[in-house]
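Have a look at protein.txt; it's compact mmCIF, C-alpha atoms:
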# COMPACT_ATOMS: atom_id res chain seq x y z
CA SER A 1 -38.87 2.42 -164.20
CA LEU A 2 -36.14 1.48 -161.77
CA THR A 3 -32.47 0.96 -162.58
CA VAL A 4 -30.82 -1.79 -160.57
CA ASP A 5 -27.06 -2.23 -160.49
CA VAL A 6 -25.86 -5.79 -160.04
CA LEU A 7 -23.34 -6.03 -157.21
CA ASN A 8 -20.52 -8.43 -158.07
CA ALA A 9 -18.84 -10.17 -155.15
CA THR A 10 -15.34 -8.80 -154.57
CA VAL A 11 -12.69 -8.99 -151.85
CA ALA A 12 -9.59 -6.84 -151.48
CA ASN A 13 -7.24 -9.49 -150.06
CA LEU A 14 -7.08 -13.24 -149.52
CA ASP A 15 -4.83 -14.52 -146.70
CA CYS A 16 -4.07 -18.01 -148.03
CA ALA A 17 -1.18 -18.44 -145.57
CA ALA A 18 -3.70 -18.22 -142.70
CA GLY A 19 -6.05 -20.72 -144.32
CA THR A 20 -6.97 -23.93 -142.55
CA ALA A 21 -8.19 -27.37 -143.60
CA SER A 22 -10.45 -29.75 -141.74
CA PRO A 23 -9.44 -32.46 -141.25
CA ALA A 24 -5.98 -30.94 -140.95
CA THR A 25 -3.99 -33.93 -142.20
CA ALA A 26 -4.13 -36.02 -145.35
CA THR A 27 -2.46 -39.35 -146.02
CA GLU A 28 -0.63 -40.09 -149.24
CA ASN A 29 -2.50 -42.45 -151.59
CA THR A 30 -5.67 -42.19 -149.47
CA ALA A 31 -8.83 -40.36 -150.53
CA TYR A 32 -9.28 -37.01 -148.77
CA THR A 33 -12.53 -35.16 -148.25
CA GLY A 34 -12.61 -31.97 -146.23
CA THR A 35 -13.17 -28.24 -146.09
CA ALA A 36 -10.65 -25.44 -146.53
CA THR A 37 -11.31 -22.04 -144.94
CA ILE A 38 -9.52 -18.98 -146.32
CA PRO A 39 -9.79 -15.58 -144.58
CA TYR A 40 -10.36 -12.42 -146.60
CA THR A 41 -10.60 -8.69 -146.01
CA GLY A 42 -12.37 -6.00 -147.99
CA GLY A 43 -15.53 -7.99 -148.74
CA ASN A 44 -18.40 -5.98 -150.26
CA GLY A 45 -21.41 -7.86 -148.83
CA ALA A 46 -22.48 -9.39 -152.16
CA ALA A 47 -23.81 -12.92 -152.63
CA TYR A 48 -21.93 -15.39 -154.83
CA GLY A 49 -22.67 -18.81 -156.28
CA ALA A 50 -20.77 -22.05 -155.96
CA GLY A 51 -17.66 -22.17 -158.11
CA SER A 52 -16.41 -24.66 -160.63
CA PRO A 53 -14.07 -27.40 -159.43
CA THR A 54 -10.42 -26.30 -159.61
CA ALA A 55 -7.54 -28.79 -159.61
CA SER A 56 -4.69 -28.31 -157.17
CA THR A 57 -1.18 -27.36 -158.21
CA GLY A 58 1.98 -28.41 -156.38
CA VAL A 59 0.17 -31.20 -154.56
CA THR A 60 -1.66 -33.04 -157.31
CA GLY A 61 -4.86 -35.04 -157.12
CA LEU A 62 -7.02 -32.61 -155.12
CA THR A 63 -9.94 -30.53 -156.36
CA ALA A 64 -11.43 -27.50 -154.60
CA THR A 65 -14.89 -26.00 -155.14
CA ILE A 66 -15.95 -22.78 -153.43
CA GLN A 67 -19.26 -23.03 -151.58
CA ALA A 68 -21.98 -20.47 -152.36
CA GLY A 69 -22.44 -17.74 -149.81
CA THR A 70 -22.56 -14.04 -149.04
CA LEU A 71 -19.46 -11.98 -148.34
CA ALA A 72 -19.24 -9.98 -145.15
CA ASN A 73 -18.83 -6.23 -145.43
CA GLY A 74 -15.17 -6.21 -144.42
CA ALA A 75 -13.49 -9.39 -143.13
CA GLY A 76 -14.74 -12.97 -143.33
CA ASN A 77 -13.92 -16.46 -144.54
CA LEU A 78 -14.43 -18.35 -147.78
CA SER A 79 -15.21 -22.07 -147.55
CA LEU A 80 -14.13 -24.58 -150.16
CA ASN A 81 -15.01 -28.26 -150.45
CA ILE A 82 -11.95 -30.42 -151.10
Would you encode the structure as structure tokens?
Amino acid sequence: SLTVDVLNATVANLDCAAGTASPATATENTAYTGTATIPYTGGNGAAYGAGSPTASTGVTGLTATIQAGTLANGAGNLSLNI
């Protein structure tokens, strides 16, 4: 028999202030579709699935969904569909 530990994806820090969006500008009362990229540090190299849609706060009317991927061991970026 072989015991296998499941590795859960974890990061130590998210740097939301350094995040970017593409396209970088949105227009009020106009549909927006884009990608947000948020840098992280302390990734553990684990794979993760796509997330559930999450509604924005502060600026209403936007929804973000994290794209599936694999964390880097150390620093990398998370991508979210907006």
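Using all atoms listed in the file, the nearest neighbour of Gly19 (chain A) within the list A:Ala68, A:Val6, A:Leu78, A:Ala47 is A:Leu78.
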Around the point (-21.9, -15.7, -149.1), in the coordinates given by the file, pick out the residues reaching within 9 Å, counting only C-alpha atoms, and return them as a PyMOL selection string.
chain A and resi 9+45-49+67-72+78
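Closest to Asn44 (chain A) among A:Thr30, A:Thr25, A:Thr20, A:Asn8 is A:Asn8, based on all atoms listed in the file.
Among the candidate residues A:Thr63, A:Ser22, A:Thr3, A:Thr54, the one lying nearest to Ile38 (chain A) is A:Ser22, with distances computed using all atoms listed in the file.
Atom pair CA of Ala55 (chain A) / CA of Ala31 (chain A) has a distance of 14.8 Å (rounded to one decimal).
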So that I can check the surroundings of Ala24 (chain A), please list as a PyMOL selection string every protein, DNA and RNA residue that reaches within 12 Å of it, counting all atoms listed in the file and ignoring chain neighbours fewer than 6 positions away.
chain A and resi 32-37+82
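Here CA of Val11 (chain A) and CA of Thr41 (chain A) stand 6.2 Å from one another.
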Interatomic distance (Å, one decimal) between CA of Leu7 (chain A) and CA of Gly43 (chain A):
11.7 Å
Excluding Asn29 (chain A) and residues on its chain fewer than 6 positions from it, collect all residues at most 12 Å away from it, counting all atoms listed in the file, and give them as a ChimeraX atom specification.
/A:59-62
Write out as a tab-separated table (two decimals) with C-alpha atoms, in the coordinates of the input each polymer residue whose atoms come within 9 Å of Thr65 (chain A), counting all atoms listed in the file; drop sequence neighbours fewer than 3 positions from it.
chain	number	residue	atom	x	y	z
A	50	ALA	CA	-20.77	-22.05	-155.96
A	51	GLY	CA	-17.66	-22.17	-158.11
A	52	SER	CA	-16.41	-24.66	-160.63
A	53	PRO	CA	-14.07	-27.40	-159.43
A	54	THR	CA	-10.42	-26.30	-159.61
A	79	SER	CA	-15.21	-22.07	-147.55
A	80	LEU	CA	-14.13	-24.58	-150.16
A	81	ASN	CA	-15.01	-28.26	-150.45
A	82	ILE	CA	-11.95	-30.42	-151.10
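Using only C-alpha atoms, the shortest contact distance between Leu14 (chain A) and any of A:Ser56, A:Ser1, A:Asn77, A:Thr27 is found at A:Asn77.
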Compare A:Ala21, A:Ala12, A:Ala75, A:Val4 by their minimum atom-to-atom distance to Pro39 (chain A), counting all atoms listed in the file, and give me the closest one.
A:Ala75
Calculated over all atoms listed in the file, which of the candidates A:Gly42, A:Ala18, A:Glu28, A:Pro23 has the smallest distance to Gly74 (chain A)?
A:Gly42
